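Taking it in order: structure first as structure tokens, then the write-up.
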Amino acid sequence: MGYMCFEFYRFADMEAPVLVPATKFTAELKLKGFKAYKTDIPRTSITTFSRRHYYKIVLSTGHAVVHFADRTIDLNGTYLFFANPHIPFAVDMPGERQTGYSCTFTEEFIKPLERSESLQQSPLFKVSSMPAFKLNDEQQNKITGIFKNMIADQVSDYQYKEDLMRNYINLIIHEALRMQSQDQDPEIVNASLRLTNMFLDLLERQFPLENQQARLKMKTAQDYADRLSVHVNYLNRAVKGITGKPTTAHIADRVTMEAVTMLEHTDWSVADIAYSLGFEYANYFSNFFKKMTGKVPKAYRVS
């Protein structure tokens, strides 16, 4: 699981696990957007404490200790674990081996599902949720079956393979939500984590902008601090401490993502998009967009 060093995975047509350098793993993930694999990891020391650039769902049997935010979770047995790019974490594996399955996927890959209410409420997206669930035999067998289907289908020639992979991810998420509803209480989180979660929820709720009359209401860190009734410096410290990114970076990233979506999937003019996203003038938006993506909006639209 160590992003900074290596990723272990077993190809569907191979009997032995393959140790792949992180650079190769990341390049493949970036190209395809999704990877499911079987894991067989020997005892390792703690990995680098960092924020990964992908989402990850892990079915693990063994002993692993996960450190993130203000929490340490000791996973000893069979667990389903969720990780997202917003929370930096590190993993220690004191047991002799850790076996199971993993799937990793990018923000772009999951984007078609991101407005689903169940997805937003899942441990994959809600940073205050308990991200790990201990499984009984029935749950382990069910989720193992989903992972096996993922691995088999990801190398198939099926035309709608990507949609199928997203459906498998959704199935696992719904199993986790089912477990969450069975009185499996999340750990108590500190004030910074709760505040960060509220900020990220508020940010996401502003989108999508459904029509040309809609306009972004909260555009700055101060706007969010006012809504949350906290000092802007406190909000910035909390968000930076939990996610590794300042509040303004989260806002800029999310506005850029929405701008890309509007350029790709609407016929709105650049001026209309700029207005909806809260820019007073279209050239302010164009300068912002070029800084974030390296392209002007019109060039992105025709690329």
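The way I read the labels, and the way they are meant: chains A, B, ... in the order of the structure tokens, residue 1 as the first residue of every chain, and ligand 1 as the first ligand shown, with later ones counted on from there.
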Write out as a Markdown table a residue-level contact list of segment 112-209 of chain A versus segment 84-92 of chain A with cut-off 10 Å: for each qualifying residue the closest pair of atoms and the distance in Å to one decimal, counting only C-alpha atoms, rows sorted by chain and residue number upward.
```
| residue | atom | partner | partner_atom | distance |
| --- | --- | --- | --- | --- |
| A:Pro123 | CA | A:Asn84 | CA | 8.9 |
| A:Leu124 | CA | A:Asn84 | CA | 6.0 |
| A:Phe125 | CA | A:Asn84 | CA | 6.7 |
| A:Lys126 | CA | A:Asn84 | CA | 9.0 |
| A:Val127 | CA | A:Ile87 | CA | 7.3 |
| A:Pro131 | CA | A:Asn84 | CA | 9.6 |
| A:Leu193 | CA | A:Ile87 | CA | 9.8 |
| A:Thr196 | CA | A:His86 | CA | 9.9 |
| A:Leu200 | CA | A:His86 | CA | 9.6 |
```
Determine, using only C-alpha atoms, which residues of segment 49-148 of chain A have any atom at most 9 Å from an atom of segment 156-167 of chain A, and tabulate each with its shortest atom pair and distance in Å to one decimal place, rows ordered by chain and then rising number, as a Markdown table.
```
| residue | atom | partner | partner_atom | distance |
| --- | --- | --- | --- | --- |
| A:Phe109 | CA | A:Arg166 | CA | 8.2 |
| A:Ile110 | CA | A:Arg166 | CA | 7.0 |
| A:Pro112 | CA | A:Arg166 | CA | 8.7 |
| A:Leu113 | CA | A:Arg166 | CA | 7.7 |
```
Residue contacts of Leu75 of chain A (8 Å, only C-alpha atoms) excluding same-chain residues fewer than 5 positions away, as a PyMOL selection string: chain A and resi 62-66+134
Give me a file of those residues, with N, CA and C atoms, as an mmCIF file, in the first residue's frame.
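Saved to result-v5.cif:
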```cif
data_model
loop_
_atom_site.group_PDB
_atom_site.id
_atom_site.type_symbol
_atom_site.label_atom_id
_atom_site.label_comp_id
_atom_site.auth_asym_id
_atom_site.auth_seq_id
_atom_site.Cartn_x
_atom_site.Cartn_y
_atom_site.Cartn_z
ATOM 1 N N GLY A 62 -5.181 -9.770 7.897
ATOM 2 C CA GLY A 62 -3.855 -9.684 8.480
ATOM 3 C C GLY A 62 -3.848 -8.628 9.559
ATOM 4 N N HIS A 63 -2.675 -8.067 9.803
ATOM 5 C CA HIS A 63 -2.545 -7.047 10.838
ATOM 6 C C HIS A 63 -1.906 -5.810 10.230
ATOM 7 N N ALA A 64 -2.641 -4.701 10.220
ATOM 8 C CA ALA A 64 -2.125 -3.428 9.730
ATOM 9 C C ALA A 64 -2.560 -2.324 10.679
ATOM 10 N N VAL A 65 -1.700 -1.336 10.853
ATOM 11 C CA VAL A 65 -2.015 -0.179 11.682
ATOM 12 C C VAL A 65 -1.986 1.044 10.774
ATOM 13 N N VAL A 66 -3.121 1.741 10.683
ATOM 14 C CA VAL A 66 -3.243 2.895 9.800
ATOM 15 C C VAL A 66 -3.250 4.160 10.647
ATOM 16 N N LYS A 134 -14.827 -4.092 10.214
ATOM 17 C CA LYS A 134 -14.448 -5.494 10.414
ATOM 18 C C LYS A 134 -15.530 -6.383 9.814
#
```
If you run DSSP on the backbone here, which positions in segment 76-251 of chain A get alpha helix (DSSP H)? Please write them as a ChimeraX atom specification. /A:107-110,117-120,137-153,161-180,191-205,221-228,232-243,247-251
Determine, counting only C-alpha atoms, which protein, DNA and RNA residues have an atom within 8 Å of an atom of Tyr79 of chain A; residues of the same chain fewer than 6 positions away are not included. Present the result as a PDB file with N, CA and C atoms, in the first residue's frame.
```
ATOM      1  N   VAL A  58      -9.757  -1.257   0.088  1.00  0.00           N
ATOM      2  CA  VAL A  58      -8.925  -2.417   0.401  1.00  0.00           C
ATOM      3  C   VAL A  58      -9.724  -3.435   1.200  1.00  0.00           C
ATOM      4  N   LEU A  59      -9.678  -4.690   0.767  1.00  0.00           N
ATOM      5  CA  LEU A  59     -10.163  -5.821   1.552  1.00  0.00           C
ATOM      6  C   LEU A  59      -8.924  -6.537   2.058  1.00  0.00           C
ATOM      7  N   SER A  60      -8.710  -6.530   3.365  1.00  0.00           N
ATOM      8  CA  SER A  60      -7.436  -6.992   3.917  1.00  0.00           C
ATOM      9  C   SER A  60      -7.644  -7.987   5.041  1.00  0.00           C
ATOM     10  N   THR A  61      -6.852  -9.063   4.994  1.00  0.00           N
ATOM     11  CA  THR A  61      -6.783 -10.019   6.096  1.00  0.00           C
ATOM     12  C   THR A  61      -5.349 -10.030   6.611  1.00  0.00           C
ATOM     13  N   ALA A 132     -13.037   2.143   8.202  1.00  0.00           N
ATOM     14  CA  ALA A 132     -12.709   0.716   8.239  1.00  0.00           C
ATOM     15  C   ALA A 132     -13.827  -0.064   8.916  1.00  0.00           C
ATOM     16  N   PHE A 133     -14.090  -1.257   8.383  1.00  0.00           N
ATOM     17  CA  PHE A 133     -15.169  -2.103   8.877  1.00  0.00           C
ATOM     18  C   PHE A 133     -14.664  -3.535   9.026  1.00  0.00           C
ATOM     19  N   LYS A 134     -14.827  -4.092  10.214  1.00  0.00           N
ATOM     20  CA  LYS A 134     -14.448  -5.494  10.414  1.00  0.00           C
ATOM     21  C   LYS A 134     -15.530  -6.383   9.814  1.00  0.00           C
ATOM     22  N   LEU A 135     -15.099  -7.398   9.060  1.00  0.00           N
ATOM     23  CA  LEU A 135     -16.046  -8.224   8.314  1.00  0.00           C
ATOM     24  C   LEU A 135     -16.220  -9.589   8.958  1.00  0.00           C
TER      25      LEU A 135
END
```
Return the single residue from A:Met179, A:Ala274, A:Ile146, A:Ala282 that is closest to Tyr101 of chain A, with distances computed using only C-alpha atoms. A:Ile146
Which residue of A:Lys240, A:Glu210, A:Met218, A:Cys103 approaches Tyr168 of chain A most closely, using only C-alpha atoms: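 So, comparing all the options, the nearest one is A:Cys103.
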Which is closest to Thr261 of chain A among A:Lys35, A:Phe207, A:Asp201, A:Ala176, if we use only C-alpha atoms?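 For Thr261 of chain A, the nearest of the given residues is A:Phe207.
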Do you know which residues are at most 9 Å from segment 225-233 of chain A counting only C-alpha atoms, after dropping those on the same chain fewer than 5 positions away, and could you put them as a list of chain:residue names?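 In the requested format, the answer is A:Leu195, A:Met198, A:Phe199, A:Met218, A:Thr220, A:Ala238.
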Set the distance at 9 Å and use only C-alpha atoms: which residues neighbour Arg97 of chain A once local chain neighbours fewer than 2 positions away are removed? I'd like the list as a PyMOL selection string. chain A and resi 40-44+61-63+93-95+99
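Candidate residues A:Arg205, A:His53, A:Lys295, A:Arg194 were compared for distance to Leu235 of chain A, and the nearest is A:Arg194, using only C-alpha atoms.
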Taking the backbone alone, and naming residues the way the document does, which bits of segment 23-246 of chain A are strand (DSSP E or B) by DSSP, as a ChimeraX atom specification? /A:34-44,50,55-68,71-83,89-105,132-134
Could you check the closest approach to Thr247 of chain A for each of A:Lys290, A:Val296, A:Phe147, A:Asn197 and tell me which residue wins, using only C-alpha atoms?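 Checking each of A:Lys290, A:Val296, A:Phe147, A:Asn197 against Thr247 of chain A, counting only C-alpha atoms, the winner is A:Asn197.
Among the candidate residues A:Ser122, A:Met292, A:Thr256, A:Gln98, the one lying nearest to Phe82 of chain A is A:Ser122, with distances computed using only C-alpha atoms.
Near Lys298 of chain A, within 10 Å and counting only C-alpha atoms, sit Leu263, Ser269, Val270 and Ser286 of chain A, not including residues fewer than 6 positions from it in the same chain.
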What gap, in Å, lies between atom CA of Gln140 of chain A and atom CA of Lys32 of chain A?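 Those two atoms sit 27.3 Å apart.
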